[in-house]
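Since the structure comes first, as structure tokens, the remarks are kept for the end.
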Amino acid sequence: MATRGVRQLAVEGGSKHEGFLRYAGYRWLKIALLLSFTAILIYAFHDARPRPNGGSWYGYLLGTIGAGLILWLTMLGVRKRTMTPGRWSLKAWTSAHVYLGLSLIIVATLHTGFQFGWNVHTLAYVLMMLVILSGIYGIGVYSALPRVLSNNRGETTQMQMLDNLRQLDRQLHEAAQPLDQRHAEIVRMSLDDDPFGGGLIARLTGRYPKCGTRAAQAAIRAETGDRPAIGQDALERIDVLLERKEAALARVRQHLRLKALLEIWLYVHVPLTFALIAALFAHIFSVFFYW
Amino acid sequence: MSFIVRQISRTADGREIIRPRTFTQKEIVIGREADCDIHLPDLAVDLRHGAIREVAPGRIEVAAISGLPIDINGRSTPGETIDVTRGANIRIGSHLLTVSAGEGEDQGNTVISVERVGALSEASEIRDEQRAFSLAGVAPGRRRMAWILGLLVLALFLAWPIWSFATNQYAEAGERRPVAFHADEMWSSGKLSLAHANLENNCQACHVKPGEAVRDESCAACHSTLHDHADPQRLAAAMPAKGAGAKFQLATAGMFGIPEGRCVDCHTEHEGAKAMPVTEQRFCSDCHNGMDKRLTDTAVLNASDFEKDHPQFRPAVMTSAGSRPIVQRLSLDARPLEDHGLKFPHDMHLSTTNGVARMAQTMKVEYGFGDSLVCADCHVPDASGARFAKVTMEQNCQMCHSLAFDRVGDTVRTLRHGDPKQVVADLRAFYRSTGPVQPINLGGQARRRPGDAMLVRTSAAFNIAAANRPGRADQAIRAVFSQGGACFDCHTVTQPSAPGAVDWGVVPVRLPERYMQKGWFDHKSHETEACESCHVAKSSGTSADVLLPKIESCRTCHGGERTAKSVPSSCAMCHDYHMDGLAPLMVRNMRDKGQRASRYGAQTESRVTGRN
């Protein structure tokens, strides 16, 4: 990615990948810490009367810094769509995005002067905190989940997993041809079941209570349970195939769940960012409207 | 007529393969079973699903065999007759059977094209991998959510309040907006103080013009009687030179059209539903600290902190009583002597051993005295509790200092207090209307015989006394107004205009009601203290002593705004910026119902709980 990053890797002599968190020797972490401590220090010595609030000179300063940071942090969405190498590489941006975004907790909280209420001002603060929290979650899953995802997948790709399912479906279809309509309908429960269906909750929990394959297998077993397995019964073959399909489905579903956990924070982070910018605008507008 | 069945399948690259078969019989069977005429390897199709038979030339009938309905031209039906020339689409399971009339060499025959149109299973559908494996398919779109949430916030928290502002017809009319929820309240950064609680839903009472910071006129609309602290020019002169930071702040504020020295600079609002915060010390001290350097002709001494930088108290002391009394502000350090016209040695009256104490003991029942007099026997708090009711002769002195001079039957006659002329007249009348006591040997009817010399002498003496009796009044009057007399004991007496005249006078007593005209002291706030802890009355032998405590005495408890002392005291505790006859804001705040306990802690526990 960044030529700078490559050079550093060579100097360190290691093959270790330098992620955005440890970019340039934690440069942005240091900058963010410096910003935070400076803000806290001035806050401690700033004598705002009757009590600290966003309307003192320091309050306005922190508010301006905070609003500027929020807008700049949002620009990552624009920046990541245009790739450039060098000092302002996307990795540098992401690193700065993460650490400066975290320092916003300090800057914005000090800006409030710890005064909260049921108003547009606290709304903007709460939205900002939710965005930051979802971001922290995102960093957490990015650092933990890819390994789990890869372990679950084994050596297969997504398309291979899907092809495996399709293969099983064809075999099921084939095996069910001689069956009468009642049994054919049972097999169809499994065939017509969408492995990608189930909705957001199912994706996040990995639980699919209405799984057609499981229902089909249960129905088949209810039929064959009291019969001796002679190896000739078409239903026996269907049973075996359904079992294999369920195992394949379990792996796909675990994969889907991990991917959902990896992605879900963005569905909070991004929309809430725009809600935050709207609330931030309303906050600033109202302050100057009713000055 | 025969049926021509064309089985259509597709290669991997989408090319069609058509396998035609001709059936000459009248009826063909459709089903999943391998020996069916039209074999559909489809689990949704029954083993023997339906049949197609010719009912008339150019007309065929499609009928279900197994009981499962068949979809013909989008309608689910157990059977239907079809005009071959018009054609039909028959859907069975995932297969589509298209019926049409044969053309060319197939003229007169019925052509049935069979093609699989549905996927074998859900998983077999062709999918976009990226989309299928991501949340995009199951979660609401990020872009859409962003728009919805953003617009929702703007509508609720920006447009709605603006609308509420724009449709407020009461502001135009200068009326108060009725109490109800108005959307612009959502912009309020905090509750208003209790004093302004009724403006909570009426933003425009103060925020009159959009974009314009609150102006003093909004405050003055209600607070119409407040006056300025001083002449604005002198105020400006008293202000210290501004530092770079203050200049920058002022310039920035000026850029946004915020004038300097607004009411709200000191009286901050939206700080919560409690008493309005008292003005901070710095708002006073920034001018009063070293003010004499800038305002060289000022009589006001420098002050910046009660504990560290505050002049000695300078009470208004009457240094000369009389018809033209002189009142001066004198520092307590100069040990000023007061002359308010009354002679009253506090030490004598508060003694526990002398005649005063003894007299008080004799009047215990009638007047509620103790074994000796105490402060409260004379000094009674006034209605406000801040100060004391005026001590008066009638209320506080007369029970001991009697002005009685005569007794008629049961009625005691007293001299008129406060009116020397009346005293003179009453005494004269007394001596005029009564004769000297007649000696008993002067019998009224006794005949006087010559030679009764002693009797004659007595008679002559009586006659002289009787004749001279009115003249004795002058003597009595003189006695009353002179040392040892009833008036002289307590009052400053003015001598008669000429020797022998009796136009005595008494300098009117003017006891000060309030020594500290520029400050405020609240006795009620100090009722936990004993009087003697501040006022050294017990050892004061003359009423010329000003018995006010010095500032050092106050400082044992009171410090500056920020202090280690038990009572932090900013300027506003005793002084008002907009000075009037009322108590300063802080005193009023503290005296608000329920406020004192919260500030000074609850009353002693035993009193509250009634513990034995």
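Residue names in the structure tokens use chain letters A, B, ... in the order shown, residue numbers from 1 in each chain, and ligand numbers from 1 in the order shown.
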
TODO: Kindly determine which residues of chain B lie within 8 Å of chain A, considering only C-alpha atoms, and give the answer as a ChimeraX atom specification.
DONE: /B:32-33,41-47,120-124,129,132-135,138-139,141-143,145-147,149-154,157-158,185-190,203,207,209-214,249,268,277,280

TODO: Write out as a PyMOL selection string which residues come within 8 Å of B:Pro240 when counting only C-alpha atoms, dropping same-chain ones fewer than 2 positions away.
DONE: chain B and resi 237-238+242+286-287+294

TODO: Can you list, as a ChimeraX atom specification, all residues belonging to stretch 37-254 of chain A that DSSP tags as helix (DSSP H, G or I)?
DONE: /A:37-45,57-74,76-79,90-112,120-153,158-175,181-191,199-205,212-224,234-254

Task: Residues within 8 Å of stretch 65-80 of chain A, only C-alpha atoms, excluding chain neighbours under 3 positions, as a ChimeraX atom specification - done: /A:61-62,83,90,93-94,97,100-101,104,107-108,273,277,280

Open item on the list: I'd like the neighbourhood of A:Thr224 as a PyMOL selection string, where a residue qualifies if any of its atoms comes within 12 Å (using only C-alpha atoms), though same-chain residues fewer than 2 positions away should be ignored.
Closed with: chain A and resi 183+217-222+226-231+233-240

Open item on the list: Applying 9 Å and only C-alpha atoms, which residues near B:Phe313 remain after dropping the ones on its own chain fewer than 4 positions away? List them as a VMD selection string.
Closed with: chain B and resid 330 to 333 516 548 to 551

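When atom CA of B:Asn73 is paired with atom CA of B:Ala88, their separation reads 6.0 Å.
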
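Taking atom CA of B:Val493 as the reference point, atom CA of B:Arg478 is found at 11.0 Å.
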
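The shortest atom-to-atom distance to A:Met129, with only C-alpha atoms taken into account, belongs to A:Ser103 out of A:Ala39, A:Ser103, A:Pro209, A:Arg27.
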
Set the distance at 8 Å and use only C-alpha atoms: which residues neighbour B:Asp371 once local chain neighbours fewer than 2 positions away are removed? I'd like the list as a short mmCIF file (atom, residue, chain, number, x, y, z; two decimals) with C-alpha atoms, in the first residue's frame.
data_model
loop_
_atom_site.label_atom_id
_atom_site.label_comp_id
_atom_site.auth_asym_id
_atom_site.auth_seq_id
_atom_site.Cartn_x
_atom_site.Cartn_y
_atom_site.Cartn_z
CA THR B 352 -25.66 40.81 86.80
CA ALA B 357 -30.23 43.48 87.87
CA ARG B 358 -31.98 43.63 91.22
CA ALA B 360 -35.15 43.32 86.86
CA GLN B 361 -35.56 40.49 89.36
CA LYS B 364 -39.76 39.01 86.53
CA PHE B 369 -37.03 39.58 82.89
CA LEU B 373 -31.16 42.17 81.77
#

Set the distance at 8 Å and use only C-alpha atoms: which residues neighbour B:His288 once local chain neighbours fewer than 4 positions away are removed? I'd like the list as a PDB file with N, CA and C atoms, in the first residue's frame.
ATOM      1  N   ALA B 238     -13.329  53.198  35.437  1.00  0.00           N
ATOM      2  CA  ALA B 238     -12.879  52.343  36.535  1.00  0.00           C
ATOM      3  C   ALA B 238     -12.366  51.004  36.031  1.00  0.00           C
ATOM      4  N   CYS B 284     -17.089  42.067  40.342  1.00  0.00           N
ATOM      5  CA  CYS B 284     -16.902  43.275  41.141  1.00  0.00           C
ATOM      6  C   CYS B 284     -15.426  43.646  41.193  1.00  0.00           C
ATOM      7  N   LEU B 301     -13.292  52.915  48.632  1.00  0.00           N
ATOM      8  CA  LEU B 301     -11.984  52.302  48.858  1.00  0.00           C
ATOM      9  C   LEU B 301     -11.867  51.013  48.048  1.00  0.00           C
ATOM     10  N   ASN B 302     -10.623  50.626  47.797  1.00  0.00           N
ATOM     11  CA  ASN B 302     -10.381  49.408  47.011  1.00  0.00           C
ATOM     12  C   ASN B 302     -10.857  48.171  47.761  1.00  0.00           C
ATOM     13  N   ALA B 303     -11.324  47.247  47.020  1.00  0.00           N
ATOM     14  CA  ALA B 303     -11.687  45.955  47.605  1.00  0.00           C
ATOM     15  C   ALA B 303     -11.680  44.920  46.499  1.00  0.00           C
ATOM     16  N   SER B 304     -11.145  43.739  46.800  1.00  0.00           N
ATOM     17  CA  SER B 304     -11.202  42.681  45.790  1.00  0.00           C
ATOM     18  C   SER B 304     -11.559  41.333  46.404  1.00  0.00           C
TER      19      SER B 304
END
